[in-house]
Structure formats: structure tokens, C-alpha cells
Amino acid sequence: MVQSLSQVPGVRLGAVPAQIKNWQRDDLLLIEIAKGGSVSATFTQNAFCAAPVIVAREHIAQGDIRALLINAGNANAATGERGLADARRCCEAVAEAMNIEARQVLPFSTGVIGEHLPLQKLLDGIPKAAAALGIDAWDAASRAIMTTDTRPKTASRSVEIAGEQIVVTGMAKGAGMIQPNMATMLAYVATDAAVPQPMLDQLVKEAVAASFNRISVDGDTSTNDACVLIASGATGAPIADTNSEAYAQLKAAITDVHIELAQAIVRDGEGATKFVTIQVNNAKSPAEALRVAFEIGESPLVKTALYASDPNWGRLVMAVGNAGIDNLDVSKVGIFLDDVQIVDAGGRAEAYTEDAGQKVFDQGEFTITVDLQRGDACEHIWTCDFSHEYVTINAEYRT
């Protein structure tokens with residue numbers, strides 16, 4: 001694991017201010033991928049998916065992606081045929097600036113839903129972003145894609161594979177409208193490893209399953225979410241075997257970056273004051289364990305108790321019971337706050353004291369563990385609390 005943000009050979013980034021909203025900062029980002037690289041992505045499953053998602057899906061299906069364009073401040077979602085035309089025109093502008101084809105560009109947008117893009121501002125900014133392209137621009141890029149985020153989210157890993165130093169660097173944005181239905185925000189992860197397209201498709205799915213599909217801030221899936229994995233192929237021989245040590249090493253590094261970014265989104269959840277792991281043990285299946293975990297992690301009553309630092313264990317019992325688990329024997333269920341058992345045999349644990357629970361809930365980070373005692377499947381998710389600030393941010397979002 002590297003402590004600083006590493007640059008990725010074969011990937012260049014350029015961020016510029018297009019003034020998409022009334023702010024004075026970079027809000028338009030262009031990412032260039034070296035010829036011969038491979039790109040894979042997962043997209044939101046929201047039925048009202050945004051125009052750029054529709055266009056990006058069309059383009060990535062054709063392969064040979066050479067550029068990504070991301071704007072903050074406007075989602076270009078629920079904008080009809082004009083929104084699609086605007087997204088395609090942006091791709092054409094990138095193609096003109098970079099001497100590639102429009103189908104080789106993936107567009108992404110984030111911001112307010114239901115408003116048309118200020119198209120001319122993007123068209124004016126795209127040549128400037130192309131002129132600004134450079135390898136040492138990940139920090140500026142991560143700031144350009146922010147909306148309600150309070151800080152940029154970046155992560156890097158470095159691993160030696162077959163004698164070559166391989167880098168994995170990524171960035172993400174997201175603080176609200178976060179729920180795992182792939183994806184849960186915008187995220188861009190790149191490596192200089194040479195990875196064939198089918199293998200990259202597998203890698204992004206596995207990494208997302210271990211990271212972004214395990215987080216929730218508010219239970220809402222955005223219209224614009226996407227997670228993109230880029231392999232520039234600039235360093236080392238192609239990884240040809242998924243059973244190889246090289247593949248295992250690269251997968252571990254890519255997954256670590258995804259997890260760090262996913263956790264950073266939860267930590268920066270709108271108005272969040274707590275980062276909580278929900279661990280469910282001894283379920284009948286992984287799906288059952290995740291169902292219970294998300295029922296707890298997305299319950300407004302649980303999340304407000306987290307904010308209040310109130311170890312109200314009745315809300316945890318309520319959430320477990322609401323998960324709809326068939327034939328759940330509540331007399332076997334145990335619930336723990338870190339290592340403090342709060343529920344045993346379906347009721348309050350005899351040794352539990354309010355002071356012990358309070359000490360855990362007073363912490364900024366802790367784990368809630370549920371033991372179902374009905375199988376051997378164990379899963380976890382990451383969530384945060386609901387605060388007054390969350391309501392304020394979202395009540396005033398368009399003002």
C-alpha cells in the first residue's frame with residue numbers, strides 16, 4: 001500500500017472551470033486513455049437513468065474507449081431527447097479536440113436532476129480541458145467531480161507483478177443518494193497493467209461487489225451512477241490467466257482501492273458524524289446476511305439513533321425483524337455493539353449495561369454485529385448516521 005497518490009502511466013487528466021454552476025472552481029474533467037487500453041464499467045439500475053448513462057452504455061458496448069468526460073453541477077437526467085442530443089454533442093466535441101471518434105468517448109454528469117446542460121459552457125470548456133491533459137492531475141480531477149462532497153476521495157496502491165511495478169489509482173465522488181444497486185456514485189479507477197477486456201469486465205464486477213455494493217448513506221440510488229475501471233496497458237505483459245498469481249495480486253490491489261473509496265463516501269455522507277460497520281454472521285446465505293445488514297443500515301430509526309449516540313437496541317431488533325427472513329428463530333438471535341453483547345436469546349443480554357452500550361455509541365466508528373445462528377454465511381456493509389445536517393443539505397440542495 002502506498003501512502004501518496006500515484007500517477008498512472010497511459011492515463012492523462014485535465015480539469016478546468018466551465019462555470020456550470022455559480023461557483024469558482026474546476027467542474028469539467030477530461031480523462032484520456034492511451035491507445036490499446038481497455039475500459040469496463042458498471043452503471044446505475046435506476047429506471048430513470050440519465051442521458052449520459054444511456055450514451056455511455058451505447059459507446060462502451062462498441063469498445064476501444066479513449067476518453068471520459070465528466071461534468072459536475074448538472075446531472076443531465078430527466079431531460080428527454082434534448083438531454084441525449086446534448087450528451088452526444090459533448091462526445092463529438094471531445095472527439096474533435098482529441099482526434100478520435102465520438103463513439104470512443106464516455107460522458108458522465110452529476111448534479112441537479114431535471115435541468116438541461118448549459119451546453120455551450122461545456123463546448124467552450126472541452127478544448128481547454130484537452131489542452132490541460134497531464135499525468136500528474138489526479139488531485140485536481142478528484143476535486144472537479146465533487147458536488148455536495150466536503151472533500152475529495154482518492155486512493156492508490158502499488159504492487160510488483162512479474163518484476164514490474166504496477167499502479168492502481170482511483171477517485172470517487174458521492175455523499176448523498178447512495179444505495180447499492182450498482183453503482184452508487186461516480187468512481188474512476190485506473191491501472192497501468194495490461195488487462196484483456198473480458199478479464200477487466202470480471203475485475204470491475206468483483207471489485208464493485210466487495211466495495212460500492214456494500215455501502216449506503218440514505219438508501220436512494222442515483223440516476224447517474226457509474227463505476228469505471230481503466231487498464232491502460234502501459235506497463236508489463238498482459239495478464240492472461242485468472243488463476244495466476246499476477247491476476248490475484250492485481251485483483252487485490254484494485255479491490256483495496258475500491259473499498260477505500262467506498263468507505264470514504266460513507267465517511268463523507270451528507271451530514272454524517274459516524275461510520276458504522278454492520279456485520280451479520282451465521283445466516284443461511286450471503287443474500288440473507290446482506291438483507292439483514294441493509295435493513296439495519298438503511299433504517300431511519302436506527303440511523304437517527306446513531307446520530308444521537310443512543311444505544312436504543314429496540315430499533316436494532318425491529319430492523320432485524322423487518323428483514324423478512326423466513327422462519328427466523330428470534331430466540332437464537334444475538335446482537336453486539338463491538339464486543340458488548342446487547343441482545344441474547346431474543347432479549348436483552350443479562351450482562352448488558354446501558355453504560356457499556358453508551359461507550360460504544362459515543363465512538364465515531366464501531367461495529368454492530370448480528371448473529372442469526374441459522375447457517376454459516378457472513379456478510380458486512382458500511383453505513384453512517386442521519387443528522388440534522390443531512391436534512392439541511394438536501395432541503396437546500398437547489399438553493
# chains A, B, ... in the order shown; residues from 1 in each chain; ligands from 1
call {"tool": "select_by_dssp", "arguments": {"residues": "stretch 113-360 of chain A", "states": "strand (DSSP E)", "output": "JSON, numbers by chain"}}
result
{"A": [153, 154, 155, 156, 157, 158, 159, 160, 161, 164, 165, 166, 167, 168, 169, 170, 171, 172, 173, 186, 187, 188, 189, 190, 191, 215, 216, 226, 227, 228, 229, 230, 231, 275, 276, 277, 278, 279, 280, 281, 282, 283, 334, 335, 336, 337, 340, 341, 342, 343, 344, 347, 348]}
call {"tool": "residues_around", "arguments": {"residues": "A:Ile31", "least_positions_apart": "3", "cutoff": "12 Å", "atoms": "only C-alpha atoms", "output": "MDAnalysis selection string"}}
result
chainID A and resid 8 10:16 28 34 39 65:71 94 98 104:108 126 129:138 140:142 144:145 188:190 228 230 232
call {"tool": "residues_around", "arguments": {"residues": "A:Val317", "least_positions_apart": "4", "cutoff": "9 Å", "atoms": "only C-alpha atoms", "output": "MDAnalysis selection string"}}
result
chainID A and resid 296 313 321:322 335 343 346:347
call {"tool": "write_last_selection", "arguments": {"atoms": "N, CA and C atoms", "output": "mmCIF file, in the first residue's frame"}}
result
data_model
loop_
_atom_site.group_PDB
_atom_site.id
_atom_site.type_symbol
_atom_site.label_atom_id
_atom_site.label_comp_id
_atom_site.auth_asym_id
_atom_site.auth_seq_id
_atom_site.Cartn_x
_atom_site.Cartn_y
_atom_site.Cartn_z
ATOM 1 N N ILE A 296 -30.848 -2.966 8.620
ATOM 2 C CA ILE A 296 -30.350 -2.192 9.767
ATOM 3 C C ILE A 296 -29.709 -0.890 9.287
ATOM 4 N N TRP A 313 -31.423 -0.355 21.565
ATOM 5 C CA TRP A 313 -31.328 -1.678 20.949
ATOM 6 C C TRP A 313 -32.674 -2.180 20.431
ATOM 7 N N GLY A 321 -36.071 -7.837 12.561
ATOM 8 C CA GLY A 321 -37.384 -8.437 12.337
ATOM 9 C C GLY A 321 -38.040 -7.987 11.051
ATOM 10 N N ASN A 322 -37.710 -6.796 10.575
ATOM 11 C CA ASN A 322 -38.281 -6.255 9.345
ATOM 12 C C ASN A 322 -37.624 -6.801 8.082
ATOM 13 N N ILE A 335 -27.101 -9.863 19.346
ATOM 14 C CA ILE A 335 -26.658 -8.599 18.762
ATOM 15 C C ILE A 335 -25.569 -8.005 19.645
ATOM 16 N N VAL A 343 -28.046 -8.043 22.937
ATOM 17 C CA VAL A 343 -29.214 -8.917 22.813
ATOM 18 C C VAL A 343 -28.751 -10.359 22.843
ATOM 19 N N GLY A 346 -32.879 -13.473 21.958
ATOM 20 C CA GLY A 346 -34.052 -12.698 21.573
ATOM 21 C C GLY A 346 -34.439 -11.596 22.525
ATOM 22 N N GLY A 347 -33.665 -11.391 23.588
ATOM 23 C CA GLY A 347 -33.978 -10.343 24.556
ATOM 24 C C GLY A 347 -32.711 -9.676 25.052
#
call {"tool": "atom_distance", "arguments": {"atom1": "atom CA of A:Asp241", "atom2": "atom CA of A:Leu200"}}
result
11.8 Å
call {"tool": "atom_distance", "arguments": {"atom1": "atom CA of A:Leu203", "atom2": "atom CA of A:Asp139"}}
result
24.5 Å
call {"tool": "residues_around", "arguments": {"residues": "A:Lys274", "least_positions_apart": "2", "cutoff": "6 Å", "atoms": "only C-alpha atoms", "output": "tab-separated table (two decimals) with N, CA and C atoms, in the first residue's frame"}}
result
chain	number	residue	atom	x	y	z
A	272	ALA	N	-22.93	13.29	7.86
A	272	ALA	CA	-22.58	12.13	8.68
A	272	ALA	C	-21.61	12.48	9.79
A	364	GLY	N	-16.88	7.42	17.23
A	364	GLY	CA	-17.13	7.84	15.86
A	364	GLY	C	-17.22	6.67	14.90
A	365	GLU	N	-16.60	5.55	15.27
A	365	GLU	CA	-16.63	4.35	14.44
A	365	GLU	C	-16.81	3.12	15.32
A	384	CYS	N	-23.75	5.03	7.68
A	384	CYS	CA	-23.50	6.19	8.54
A	384	CYS	C	-24.81	6.60	9.19
A	385	ASP	N	-24.77	7.67	9.96
A	385	ASP	CA	-25.95	8.14	10.67
A	385	ASP	C	-26.71	9.17	9.84
call {"tool": "closest_residue", "arguments": {"among": "A:Val280, A:Leu250, A:Ala172, A:Ala287", "to": "A:Gln263", "atoms": "only C-alpha atoms"}}
result
A:Ala172
call {"tool": "atom_distance", "arguments": {"atom1": "atom CA of A:Val360", "atom2": "atom CA of A:Leu306"}}
result
10.4 Å
call {"tool": "closest_residue", "arguments": {"among": "A:Cys227, A:Ala207, A:Met199, A:Leu29", "to": "A:Thr242", "atoms": "only C-alpha atoms"}}
result
A:Met199
